[in-house]
Every structure is written in C-alpha cells, then in structure tokens.
$ cat query14.txt   # compact mmCIF, C-alpha atoms and all ligand atoms
# COMPACT_ATOMS: atom_id res chain seq x y z
CA MET A 123 -20.78 18.94 18.97
CA LEU A 124 -20.81 15.93 21.32
CA ASP A 125 -17.34 15.10 22.68
CA PHE A 126 -16.98 11.35 23.21
CA GLN A 127 -14.96 10.11 26.19
CA LEU A 128 -12.51 7.29 25.55
CA SER A 129 -11.55 5.53 28.80
CA THR A 130 -8.20 3.74 29.05
CA LYS A 131 -10.11 0.47 29.39
CA ASP A 132 -12.02 1.00 26.12
CA PHE A 133 -8.88 2.27 24.40
CA ASN A 134 -7.09 -0.94 25.41
CA LEU A 135 -9.99 -3.10 24.20
CA ILE A 136 -10.11 -1.31 20.85
CA SER A 137 -6.30 -1.41 20.48
CA GLU A 138 -6.28 -5.15 21.10
CA LEU A 139 -9.01 -5.65 18.51
CA VAL A 140 -7.14 -3.53 15.94
CA TYR A 141 -3.95 -5.47 16.65
CA ASN A 142 -5.68 -8.83 16.24
CA LYS A 143 -7.48 -7.83 13.05
CA CYS A 144 -4.78 -5.96 11.15
CA GLY A 145 -1.52 -6.03 13.14
CA ILE A 146 -1.49 -2.26 13.73
CA ASN A 147 0.13 -1.54 17.05
CA LEU A 148 -1.61 1.35 18.84
CA GLN A 149 0.35 2.26 21.93
CA GLU A 150 -0.91 4.55 24.70
CA GLY A 151 0.47 7.59 22.82
CA LYS A 152 -2.09 6.99 20.06
CA LYS A 153 -5.14 7.40 22.31
CA GLU A 154 -6.00 10.92 21.12
CA LEU A 155 -5.56 9.91 17.49
CA VAL A 156 -7.88 6.91 17.95
CA LYS A 157 -10.40 9.07 19.77
CA SER A 158 -10.50 11.70 17.05
CA ARG A 159 -10.57 9.25 14.11
CA LEU A 160 -13.23 7.01 15.64
CA SER A 161 -15.37 9.84 17.02
CA LYS A 162 -16.33 10.60 13.42
CA VAL A 163 -17.57 7.02 12.99
CA LEU A 164 -19.56 7.18 16.25
CA ARG A 165 -21.17 10.41 15.12
CA GLU A 166 -22.07 9.06 11.66
CA LYS A 167 -23.49 5.83 13.08
CA LYS A 168 -25.23 7.64 15.96
CA ILE A 169 -23.51 5.49 18.59
CA ASP A 170 -23.35 7.06 22.06
CA THR A 171 -20.20 5.61 23.61
CA PHE A 172 -16.93 3.92 22.66
CA HIS A 173 -17.92 0.95 24.79
CA GLN A 174 -21.10 0.44 22.75
CA TYR A 175 -19.03 0.77 19.61
CA TYR A 176 -16.58 -1.85 20.84
CA LYS A 177 -19.47 -4.27 21.46
CA ILE A 178 -20.82 -3.67 17.96
CA LEU A 179 -17.37 -4.40 16.54
CA VAL A 180 -16.88 -7.69 18.38
CA ASN A 181 -20.38 -8.90 17.51
CA ASP A 182 -20.11 -7.94 13.85
CA SER A 183 -20.33 -11.23 11.96
CA SER A 184 -20.43 -9.56 8.51
CA GLY A 185 -17.01 -7.95 8.98
CA ASP A 186 -18.34 -4.64 7.57
CA GLU A 187 -18.03 -2.73 10.85
CA ILE A 188 -14.44 -3.85 11.25
CA ILE A 189 -13.64 -2.63 7.71
CA THR A 190 -15.15 0.79 8.49
CA MET A 191 -13.15 0.94 11.70
CA ILE A 192 -9.87 0.01 9.95
CA ASP A 193 -10.60 2.54 7.20
CA ALA A 194 -10.92 5.21 9.89
CA ILE A 195 -7.91 4.14 11.95
CA SER A 196 -5.24 3.45 9.31
CA THR A 197 -2.77 6.10 8.20
CA ASN A 198 -2.90 6.38 4.43
CA PHE A 199 -0.45 9.15 3.64
CA THR A 200 1.30 8.58 0.32
CA SER A 201 2.44 10.52 -2.75
CA PHE A 202 3.64 10.12 -6.33
CA PHE A 203 7.38 9.39 -6.62
CA ARG A 204 7.62 9.16 -2.81
CA GLU A 205 11.15 8.11 -1.80
CA GLN A 206 12.52 8.74 -5.30
CA LYS A 207 15.72 6.74 -4.68
CA HIS A 208 13.74 3.51 -4.97
CA PHE A 209 12.55 4.43 -8.46
CA ASP A 210 16.11 5.45 -9.46
CA PHE A 211 17.30 2.04 -8.26
CA LEU A 212 14.66 0.29 -10.35
CA ASN A 213 15.89 2.15 -13.43
CA SER A 214 19.58 1.70 -12.82
CA ASN A 215 19.67 -1.78 -11.39
CA ILE A 216 16.53 -3.90 -11.37
CA PHE A 217 14.85 -3.09 -14.70
CA PRO A 218 18.03 -3.70 -16.78
CA ARG A 219 18.39 -7.14 -15.16
CA LEU A 220 14.72 -7.98 -15.72
CA LYS A 221 14.91 -6.80 -19.31
CA LYS A 222 17.75 -9.21 -19.98
CA ASN A 223 15.78 -12.07 -18.41
CA ILE A 224 12.67 -11.30 -20.39
CA TYR A 225 14.56 -11.55 -23.65
CA LEU A 226 16.37 -14.68 -22.51
CA LYS A 227 13.22 -16.50 -21.41
CA LYS A 228 10.59 -15.42 -23.89
CA ASN A 229 7.56 -16.63 -21.96
CA ASP A 230 8.43 -15.18 -18.59
CA SER A 231 6.63 -12.14 -17.21
CA ILE A 232 7.55 -9.32 -14.87
CA ARG A 233 5.37 -9.18 -11.79
CA ILE A 234 5.28 -6.23 -9.39
CA TRP A 235 3.28 -5.95 -6.17
CA SER A 236 2.52 -2.70 -4.39
CA ALA A 237 1.61 -4.12 -0.98
CA GLY A 238 -0.18 -1.49 1.10
CA CYS A 239 -0.79 0.70 -1.96
CA SER A 240 -3.07 3.18 -0.18
CA SER A 241 -4.81 5.54 -2.66
CA GLY A 242 -2.68 4.37 -5.60
CA GLU A 243 0.08 6.96 -6.01
CA GLU A 244 2.79 4.34 -5.39
CA VAL A 245 1.43 1.81 -7.86
CA TYR A 246 0.86 4.40 -10.61
CA THR A 247 4.44 5.62 -10.07
CA LEU A 248 5.63 2.03 -10.53
CA LEU A 249 3.55 1.70 -13.66
CA ILE A 250 4.90 4.96 -15.13
CA CYS A 251 8.50 3.93 -14.37
CA PHE A 252 7.94 0.53 -15.95
CA MET A 253 6.29 1.95 -19.07
CA GLU A 254 9.01 4.56 -19.45
CA TYR A 255 11.81 2.02 -19.15
CA PHE A 256 10.39 -0.83 -21.17
CA ASP A 257 9.06 -0.79 -24.65
CA GLN A 258 5.33 -0.05 -24.23
CA LYS A 259 4.52 -3.18 -26.22
CA SER A 260 5.85 -5.24 -23.30
CA THR A 261 2.62 -4.95 -21.32
CA ASP A 262 1.60 -8.53 -22.15
CA ASN A 263 4.48 -9.73 -20.00
CA PHE A 264 3.79 -7.21 -17.28
CA HIS A 265 1.55 -7.82 -14.27
CA ILE A 266 1.03 -5.33 -11.54
CA PHE A 267 -0.84 -6.13 -8.38
CA ALA A 268 -1.89 -3.54 -5.80
CA THR A 269 -3.45 -4.33 -2.45
CA ASP A 270 -4.56 -2.61 0.71
CA ILE A 271 -6.66 -3.51 3.73
CA SER A 272 -8.68 -0.30 3.48
CA THR A 273 -11.60 -0.34 1.04
CA LYS A 274 -11.83 3.44 1.17
CA VAL A 275 -8.33 4.01 -0.23
CA LEU A 276 -8.64 1.11 -2.65
CA ASN A 277 -11.72 2.73 -4.20
CA LYS A 278 -9.76 5.92 -4.68
CA ALA A 279 -6.82 4.00 -6.14
CA THR A 280 -9.07 2.18 -8.59
CA ARG A 281 -10.69 5.45 -9.73
CA GLY A 282 -7.23 6.93 -10.31
CA VAL A 283 -8.41 10.54 -10.00
CA TYR A 284 -6.13 13.05 -8.27
CA HIS A 285 -6.30 16.76 -7.60
CA LYS A 286 -3.58 18.72 -9.40
CA ASP A 287 -1.95 19.59 -6.05
CA TYR A 288 -1.20 15.89 -5.52
CA CYS A 289 0.43 15.61 -8.95
CA LYS A 290 3.20 18.14 -8.30
CA ASN A 291 5.92 15.47 -8.33
CA ILE A 292 4.94 14.30 -11.79
CA SER A 293 6.65 16.09 -14.68
CA LEU A 294 4.40 17.80 -17.22
CA ASN A 295 5.55 15.38 -19.88
CA LEU A 296 4.55 12.31 -17.82
CA LEU A 297 1.33 13.95 -16.69
CA ARG A 298 0.30 14.50 -20.33
CA LYS A 299 1.29 10.99 -21.31
CA TYR A 300 -0.39 9.01 -18.52
CA PHE A 301 -3.24 11.22 -17.32
CA GLN A 302 -6.32 12.84 -18.75
CA LYS A 303 -6.89 16.42 -17.66
CA GLY A 304 -10.36 17.02 -16.23
CA SER A 305 -12.67 19.74 -17.47
CA GLY A 306 -16.02 21.16 -16.33
CA ASN A 307 -16.89 19.56 -12.98
CA SER A 308 -13.56 17.74 -13.01
CA ASP A 309 -11.51 20.87 -13.61
CA GLY A 310 -8.33 20.73 -11.51
CA TYR A 311 -8.23 16.94 -11.50
CA TYR A 312 -6.21 14.39 -13.44
CA LYS A 313 -7.36 10.85 -14.19
CA VAL A 314 -5.00 8.01 -15.07
CA LYS A 315 -5.73 6.99 -18.68
CA GLU A 316 -7.78 3.84 -18.78
CA LYS A 317 -5.36 1.97 -21.00
CA TYR A 318 -2.89 2.24 -18.09
CA SER A 319 -5.15 1.85 -15.04
CA LYS A 320 -6.65 -1.31 -16.51
CA LEU A 321 -3.22 -2.94 -16.32
CA ILE A 322 -3.42 -2.95 -12.53
CA ASP A 323 -5.15 -5.64 -10.54
CA PHE A 324 -6.44 -3.96 -7.35
CA GLN A 325 -7.53 -6.22 -4.50
CA ARG A 326 -8.29 -5.97 -0.82
CA LEU A 327 -5.73 -7.98 1.13
CA ASN A 328 -5.04 -8.09 4.85
CA PHE A 329 -1.40 -8.92 5.60
CA MET A 330 -2.54 -10.84 8.67
CA ASN A 331 -4.26 -13.45 6.48
CA PRO A 332 -2.60 -16.14 4.35
CA PHE A 333 -1.68 -14.70 0.93
CA ASN A 334 -2.86 -17.55 -1.36
CA LEU A 335 -1.21 -15.98 -4.40
CA ALA A 336 -1.02 -17.92 -7.64
CA ASN A 337 2.29 -16.48 -8.84
CA LYS A 338 5.50 -15.11 -7.39
CA PHE A 339 6.80 -11.58 -7.86
CA ASP A 340 10.01 -9.95 -9.12
CA ILE A 341 9.46 -6.83 -7.05
CA ILE A 342 7.47 -6.18 -3.89
CA PHE A 343 7.06 -2.66 -2.55
CA CYS A 344 5.85 -2.72 1.05
CA ARG A 345 6.71 0.77 2.18
CA ASN A 346 5.60 2.73 5.21
CA VAL A 347 3.33 -0.05 6.37
CA MET A 348 5.43 -2.20 8.69
CA ILE A 349 6.23 0.86 10.77
CA TYR A 350 2.76 0.41 12.33
CA PHE A 351 3.47 -3.24 13.30
CA ASN A 352 5.53 -4.67 16.15
CA LYS A 353 8.72 -6.66 15.45
CA GLU A 354 6.98 -10.01 15.77
CA THR A 355 4.31 -9.10 13.17
CA GLN A 356 6.99 -7.55 10.92
CA GLY A 357 8.99 -10.79 11.09
CA VAL A 358 6.04 -12.95 10.03
CA LEU A 359 5.19 -10.54 7.20
CA VAL A 360 8.75 -10.26 5.87
CA ASN A 361 8.96 -14.06 5.68
CA LYS A 362 5.64 -14.19 3.82
CA PHE A 363 7.10 -11.71 1.32
CA TRP A 364 10.16 -13.97 0.98
CA ASP A 365 7.86 -16.84 0.04
CA SER A 366 6.03 -14.59 -2.45
CA LEU A 367 9.17 -13.53 -4.35
CA LYS A 368 10.88 -15.29 -7.24
CA ASP A 369 14.54 -16.19 -6.68
CA GLY A 370 16.49 -12.96 -7.14
CA GLY A 371 13.34 -10.89 -6.52
CA CYS A 372 13.53 -7.73 -4.39
CA LEU A 373 11.67 -6.32 -1.42
CA PHE A 374 11.54 -2.53 -0.99
CA ILE A 375 10.61 -1.12 2.42
CA GLY A 376 10.12 2.51 3.50
CA HIS A 377 13.16 4.78 3.94
CA SER A 378 12.53 5.02 7.69
CA GLU A 379 11.97 1.27 8.12
CA SER A 380 14.51 -1.51 8.66
CA LEU A 381 14.72 -5.29 8.94
CA MET A 382 16.96 -4.99 12.01
CA ASN A 383 16.07 -7.42 14.81
CA ILE A 384 13.99 -9.51 12.42
CA GLN A 385 15.02 -13.02 11.45
CA HIS A 386 15.05 -13.23 7.66
CA LYS A 387 17.00 -14.70 4.76
CA PHE A 388 17.19 -11.59 2.54
CA LYS A 389 20.46 -10.14 1.24
CA TYR A 390 20.83 -6.39 1.78
CA ILE A 391 21.62 -4.78 -1.59
CA ALA A 392 21.01 -1.05 -1.00
CA PRO A 393 19.44 1.05 1.77
CA THR A 394 15.93 -0.38 2.42
CA ILE A 395 16.21 -2.78 -0.56
CA TYR A 396 16.59 -6.53 -0.01
CA GLN A 397 17.04 -9.43 -2.41
CA LYS A 398 15.96 -13.07 -2.23
C1 LIG B 1 1.09 5.04 5.01
S1 LIG B 1 0.29 4.03 3.80
C2 LIG B 1 1.65 3.66 2.73
C3 LIG B 1 1.31 3.82 1.27
C4 LIG B 1 2.47 3.57 0.29
N1 LIG B 1 2.99 2.24 0.41
C5 LIG B 1 3.56 4.60 0.46
O1 LIG B 1 4.63 4.27 0.99
O2 LIG B 1 3.37 5.76 0.10
C6 LIG B 1 0.07 2.50 4.70
C7 LIG B 1 -1.01 1.61 4.10
O3 LIG B 1 -0.95 0.31 4.72
C8 LIG B 1 -2.26 -0.19 4.82
N2 LIG B 1 -2.32 -1.27 5.85
C9 LIG B 1 -2.26 -1.13 7.19
N3 LIG B 1 -2.41 -2.32 7.79
C10 LIG B 1 -2.58 -3.23 6.80
C11 LIG B 1 -2.78 -4.65 6.78
N4 LIG B 1 -2.86 -5.35 7.92
N5 LIG B 1 -2.91 -5.27 5.59
C12 LIG B 1 -2.83 -4.55 4.44
N6 LIG B 1 -2.63 -3.22 4.37
C13 LIG B 1 -2.50 -2.57 5.56
C14 LIG B 1 -3.08 1.04 5.21
O4 LIG B 1 -4.46 0.89 4.93
C15 LIG B 1 -2.41 2.14 4.39
O5 LIG B 1 -3.09 2.41 3.19
$ encode --input "query14.txt" --output "structure tokens" --more "lines below"
Ligand SMILES: C[S@@+](CC[C@H](N)C(=O)[O-])C[C@H]1O[C@@H](n2cnc3c(N)ncnc32)[C@H](O)[C@@H]1O
Amino acid sequence: MLDFQLSTKDFNLISELVYNKCGINLQEGKKELVKSRLSKVLREKKIDTFHQYYKILVNDSSGDEIITMIDAISTNFTSFFREQKHFDFLNSNIFPRLKKNIYLKKNDSIRIWSAGCSSGEEVYTLLICFMEYFDQKSTDNFHIFATDISTKVLNKATRGVYHKDYCKNISLNLLRKYFQKGSGNSDGYYKVKEKYSKLIDFQRLNFMNPFNLANKFDIIFCRNVMIYFNKETQGVLVNKFWDSLKDGGCLFIGHSESLMNIQHKFKYIAPTIYQK
C-alpha cells in the first residue's frame, strides 16, 4: 500500500486550515495522527500527495471537501452514561429545580443541548435520564437539541443504532424500555425506539460560526470538545454558551476540562458544572 509523505510544511498548512475552519488545535505532536487519518482520504479520492490535497481543500467552494476532511480528523470517542457523575447531578440537583419551575410556569419548556454530540450516545443518555425522572407525558414541554460538526457521526446519531458491545453501560431494564433489539441482519444491534429518537432535533453546527438559535437552554452539555481548542477559542465558545443559556441554566464540560484561565461570568457549582 502506498505510504504518503507528510512534510512539516504541508502539516502546518493543513493544521492552519483545520484551526481556521473548526478551531481544532493540531500541534506538532499530532502529525502522525493527521497523516494516518488523512491518508485514508487520499487513498479513497486517488490523490497522490498531501500538497495536492491541501490545494483541493483551499479551492473547494462547495465546502464538501472540508466536511470530509473534518470528519476524518475529528476525534469522536463517546459512550453511553460517560462521566456518570453529571447524570447523577442532573437527577439530584437540576431536574428537581426544573420540575418545580415547570409546574410554577405552566407554559415554560425544558431545553437541553448536547453540543458536540458525536454519534449520539450522550444525547440518548440525556433523553433516558429525562424520561426516567419526569413523567413521560411531559415530552410536550421538552426540547432536546443535538449538534456536531461532523456529518458522519451525526448520521450515526440520527440512525440511533448501536452494537450491543456499546450498550454495556445501559441497564437491561433501560435497554428494553428505550431500544428495540435487532434480529436477522440486525442481530446484535439495538435501535433507539422511534418515539424517543424523534424527540431529538439533530443538526450540523460548527462552533466557530454564529449560533443563531431561536431559544435559550436550561442545560448545555459541551463535553470533551473544548479540549481540542486553544484557550482563546475556548473563551469565545464559553461566552457563546453563556449567551445561549437561560438565567440559572447550567453548562457541563468534560471531567478533564476546566474553565481556568478563561474569562467568563459563570458560577462554579460542582466539578465541571457551571451556572449562569
Ligand atoms: C470526543 S467527541 C465528544 C462527544 C461527547 N460530547 C462526549 O463527551 O462523549 C468530540 C466531538 O466534538 C465535535 N467537534 C469538534 N470540533 C467541533 C466544532 N468546531 N464544532 C462542532 N463540533 C465539533 C467532533 O466532531 C466530535 O464529535
């Protein structure tokens, strides 16, 4: 198999492009990772060199090539009930408060955003937790929004089909309640029941662009995304999340992330959880 050479010059050009398009910060240490992830694209598209590929990317007026490149470069690891403490905190602290509000102000709705949802495990976990806590009839007042920059993972998230090995963190009871077990060709797979998956509004959204969102949120999960951005980009993003939250709304970030050295107005309420 042809081994593509990635010169430091081309690596720097591609890194700068990635940074400008989606904020992901690829330092020198990521050169081998970029080479291996993008080599697959070069092979599929029958492009001979990284330099040619770079030229195709910068001249791509449709934006399709950039999307393919970002799909290949971004790290999409996720899992159901990842960082369980956040879901415990929702149950013990946030949901009880929201429940009170919903009964106080009859017309209000609860809005949750999984920002950087990857292949959907995070947003389906949020949905399960919500449905388990609230009366299932509450779905009229419940809006859940899930976004990612990568079309590849968004397609998977929208399909909501997962191999049984990926469902290990879901109890049998919840699996039966929220998923349909596959048979025949789909043996070994679980699909989120349509009555639940249809409650989620999946959209492609690049954090580097203006949000233009019609409504504000009670809860934003943006976990294990900012880790790929530099402090400056993180600062801009965190302030955009502030603007997108209702008063009293909460931002959840990944367990290994922090808002240290970022100028923001959030109140720290628990590890990696911040309130407006
Ligand atoms: C590691 S996954 C995290 C998934 C999930 N939030 C979790 O914690 O399990 C990071 C996701 O961020 C997305 N992402 C990276 N840069 C982005 C950007 N500029 N705008 C929107 N999403 C982005 C990637 O496509 C990827 O799916």
$ residues_near_ligand --input "query14.txt" --ligand "ligand LIG 1 (chain B)" --cutoff "9 Å" --atoms "all atoms listed in the file" --output "ChimeraX atom specification"
/A:141,143-146,192-193,195-205,236-245,269-276,326-331,343-351,375-376
$ residues_around --input "query14.txt" --residues "Gly304 of chain A" --least-positions-apart "6" --cutoff "10 Å" --atoms "all atoms listed in the file" --output "list in words"
Val283, Tyr284, His285, Lys286, Gly310, Tyr311, Tyr312 and Lys313 of chain A
$ write_last_selection --input "query14.txt" --atoms "C-alpha atoms" --output "PDB file, keeping the file's coordinate frame"
ATOM      1  CA  VAL A 283      -8.410  10.540 -10.000  1.00  0.00           C
ATOM      2  CA  TYR A 284      -6.130  13.050  -8.270  1.00  0.00           C
ATOM      3  CA  HIS A 285      -6.300  16.760  -7.600  1.00  0.00           C
ATOM      4  CA  LYS A 286      -3.580  18.720  -9.400  1.00  0.00           C
ATOM      5  CA  GLY A 310      -8.330  20.730 -11.510  1.00  0.00           C
ATOM      6  CA  TYR A 311      -8.230  16.940 -11.500  1.00  0.00           C
ATOM      7  CA  TYR A 312      -6.210  14.390 -13.440  1.00  0.00           C
ATOM      8  CA  LYS A 313      -7.360  10.850 -14.190  1.00  0.00           C
TER       9      LYS A 313
END
$ closest_atom_pairs --input "query14.txt" --of "segment 303-325 of chain A" --to "segment 231-234 of chain A" --cutoff "12 Å" --atoms "only C-alpha atoms" --output "JSON lines"
{"residue": "A:Leu321", "atom": "CA", "partner": "A:Ile234", "partner_atom": "CA", "distance": 11.4}
{"residue": "A:Ile322", "atom": "CA", "partner": "A:Ile234", "partner_atom": "CA", "distance": 9.8}
{"residue": "A:Asp323", "atom": "CA", "partner": "A:Ile234", "partner_atom": "CA", "distance": 10.5}
$ closest_residue --input "query14.txt" --among "A:Thr394, A:Asn215, A:Asn295, A:Gln302" --to "Ser380 of chain A" --atoms "all atoms listed in the file"
A:Thr394
$ atom_distance --input "query14.txt" --atom1 "atom CA of Ala279 of chain A" --atom2 "atom CA of Ile395 of chain A"
24.6 Å
$ residues_around --input "query14.txt" --residues "Lys131 of chain A" --least-positions-apart "6" --cutoff "12 Å" --atoms "all atoms listed in the file" --output "PyMOL selection string"
chain A and resi 137-138+150+153+172-173+176
$ closest_residue --input "query14.txt" --among "A:Ile292, A:Val156, A:Ala194, A:Ala268" --to "Gln206 of chain A" --atoms "all atoms listed in the file"
A:Ile292
$ atom_distance --input "query14.txt" --atom1 "atom CA of Pro332 of chain A" --atom2 "atom CA of Thr247 of chain A"
27.0 Å
$ closest_residue --input "query14.txt" --among "A:Ser366, A:Asn277, A:Thr355, A:Gln174" --to "Gln385 of chain A" --atoms "only C-alpha atoms"
A:Thr355
$ closest_residue --input "query14.txt" --among "A:Phe267, A:Tyr255, A:Tyr396, A:Trp235" --to "Ile342 of chain A" --atoms "all atoms listed in the file"
A:Trp235
$ decode --input "query14.txt" --residues "segment 313-324 of chain A" --atoms "N, CA, C and O atoms" --output "PDB file, in the first residue's frame"
ATOM      1  N   LYS A 313     -31.645  -0.528  18.475  1.00  0.00           N
ATOM      2  CA  LYS A 313     -32.030   0.746  17.854  1.00  0.00           C
ATOM      3  C   LYS A 313     -32.920   1.518  18.827  1.00  0.00           C
ATOM      4  O   LYS A 313     -33.861   0.951  19.401  1.00  0.00           O
ATOM      5  N   VAL A 314     -32.625   2.793  18.989  1.00  0.00           N
ATOM      6  CA  VAL A 314     -33.457   3.625  19.868  1.00  0.00           C
ATOM      7  C   VAL A 314     -34.881   3.646  19.295  1.00  0.00           C
ATOM      8  O   VAL A 314     -35.053   3.837  18.089  1.00  0.00           O
ATOM      9  N   LYS A 315     -35.875   3.412  20.145  1.00  0.00           N
ATOM     10  CA  LYS A 315     -37.268   3.396  19.664  1.00  0.00           C
ATOM     11  C   LYS A 315     -37.619   4.742  19.054  1.00  0.00           C
ATOM     12  O   LYS A 315     -37.234   5.794  19.584  1.00  0.00           O
ATOM     13  N   GLU A 316     -38.356   4.680  17.968  1.00  0.00           N
ATOM     14  CA  GLU A 316     -38.622   5.906  17.211  1.00  0.00           C
ATOM     15  C   GLU A 316     -39.357   6.963  18.020  1.00  0.00           C
ATOM     16  O   GLU A 316     -39.101   8.163  17.876  1.00  0.00           O
ATOM     17  N   LYS A 317     -40.247   6.515  18.888  1.00  0.00           N
ATOM     18  CA  LYS A 317     -40.998   7.506  19.678  1.00  0.00           C
ATOM     19  C   LYS A 317     -40.043   8.342  20.557  1.00  0.00           C
ATOM     20  O   LYS A 317     -40.398   9.428  20.991  1.00  0.00           O
ATOM     21  N   TYR A 318     -38.833   7.814  20.817  1.00  0.00           N
ATOM     22  CA  TYR A 318     -37.856   8.586  21.590  1.00  0.00           C
ATOM     23  C   TYR A 318     -36.909   9.354  20.662  1.00  0.00           C
ATOM     24  O   TYR A 318     -36.657  10.535  20.865  1.00  0.00           O
ATOM     25  N   SER A 319     -36.388   8.684  19.631  1.00  0.00           N
ATOM     26  CA  SER A 319     -35.401   9.376  18.777  1.00  0.00           C
ATOM     27  C   SER A 319     -36.034  10.566  18.067  1.00  0.00           C
ATOM     28  O   SER A 319     -35.366  11.564  17.809  1.00  0.00           O
ATOM     29  N   LYS A 320     -37.346  10.483  17.814  1.00  0.00           N
ATOM     30  CA  LYS A 320     -37.976  11.606  17.100  1.00  0.00           C
ATOM     31  C   LYS A 320     -38.097  12.862  17.980  1.00  0.00           C
ATOM     32  O   LYS A 320     -38.388  13.943  17.483  1.00  0.00           O
ATOM     33  N   LEU A 321     -37.829  12.713  19.265  1.00  0.00           N
ATOM     34  CA  LEU A 321     -37.876  13.878  20.152  1.00  0.00           C
ATOM     35  C   LEU A 321     -36.626  14.744  20.021  1.00  0.00           C
ATOM     36  O   LEU A 321     -36.562  15.847  20.534  1.00  0.00           O
ATOM     37  N   ILE A 322     -35.619  14.207  19.332  1.00  0.00           N
ATOM     38  CA  ILE A 322     -34.340  14.933  19.261  1.00  0.00           C
ATOM     39  C   ILE A 322     -34.179  15.642  17.921  1.00  0.00           C
ATOM     40  O   ILE A 322     -34.414  15.065  16.867  1.00  0.00           O
ATOM     41  N   ASP A 323     -33.778  16.889  18.004  1.00  0.00           N
ATOM     42  CA  ASP A 323     -33.538  17.683  16.804  1.00  0.00           C
ATOM     43  C   ASP A 323     -32.015  17.665  16.547  1.00  0.00           C
ATOM     44  O   ASP A 323     -31.256  18.317  17.257  1.00  0.00           O
ATOM     45  N   PHE A 324     -31.600  16.856  15.553  1.00  0.00           N
ATOM     46  CA  PHE A 324     -30.170  16.766  15.223  1.00  0.00           C
ATOM     47  C   PHE A 324     -29.830  17.787  14.134  1.00  0.00           C
ATOM     48  O   PHE A 324     -30.528  17.849  13.120  1.00  0.00           O
TER      49      PHE A 324
END
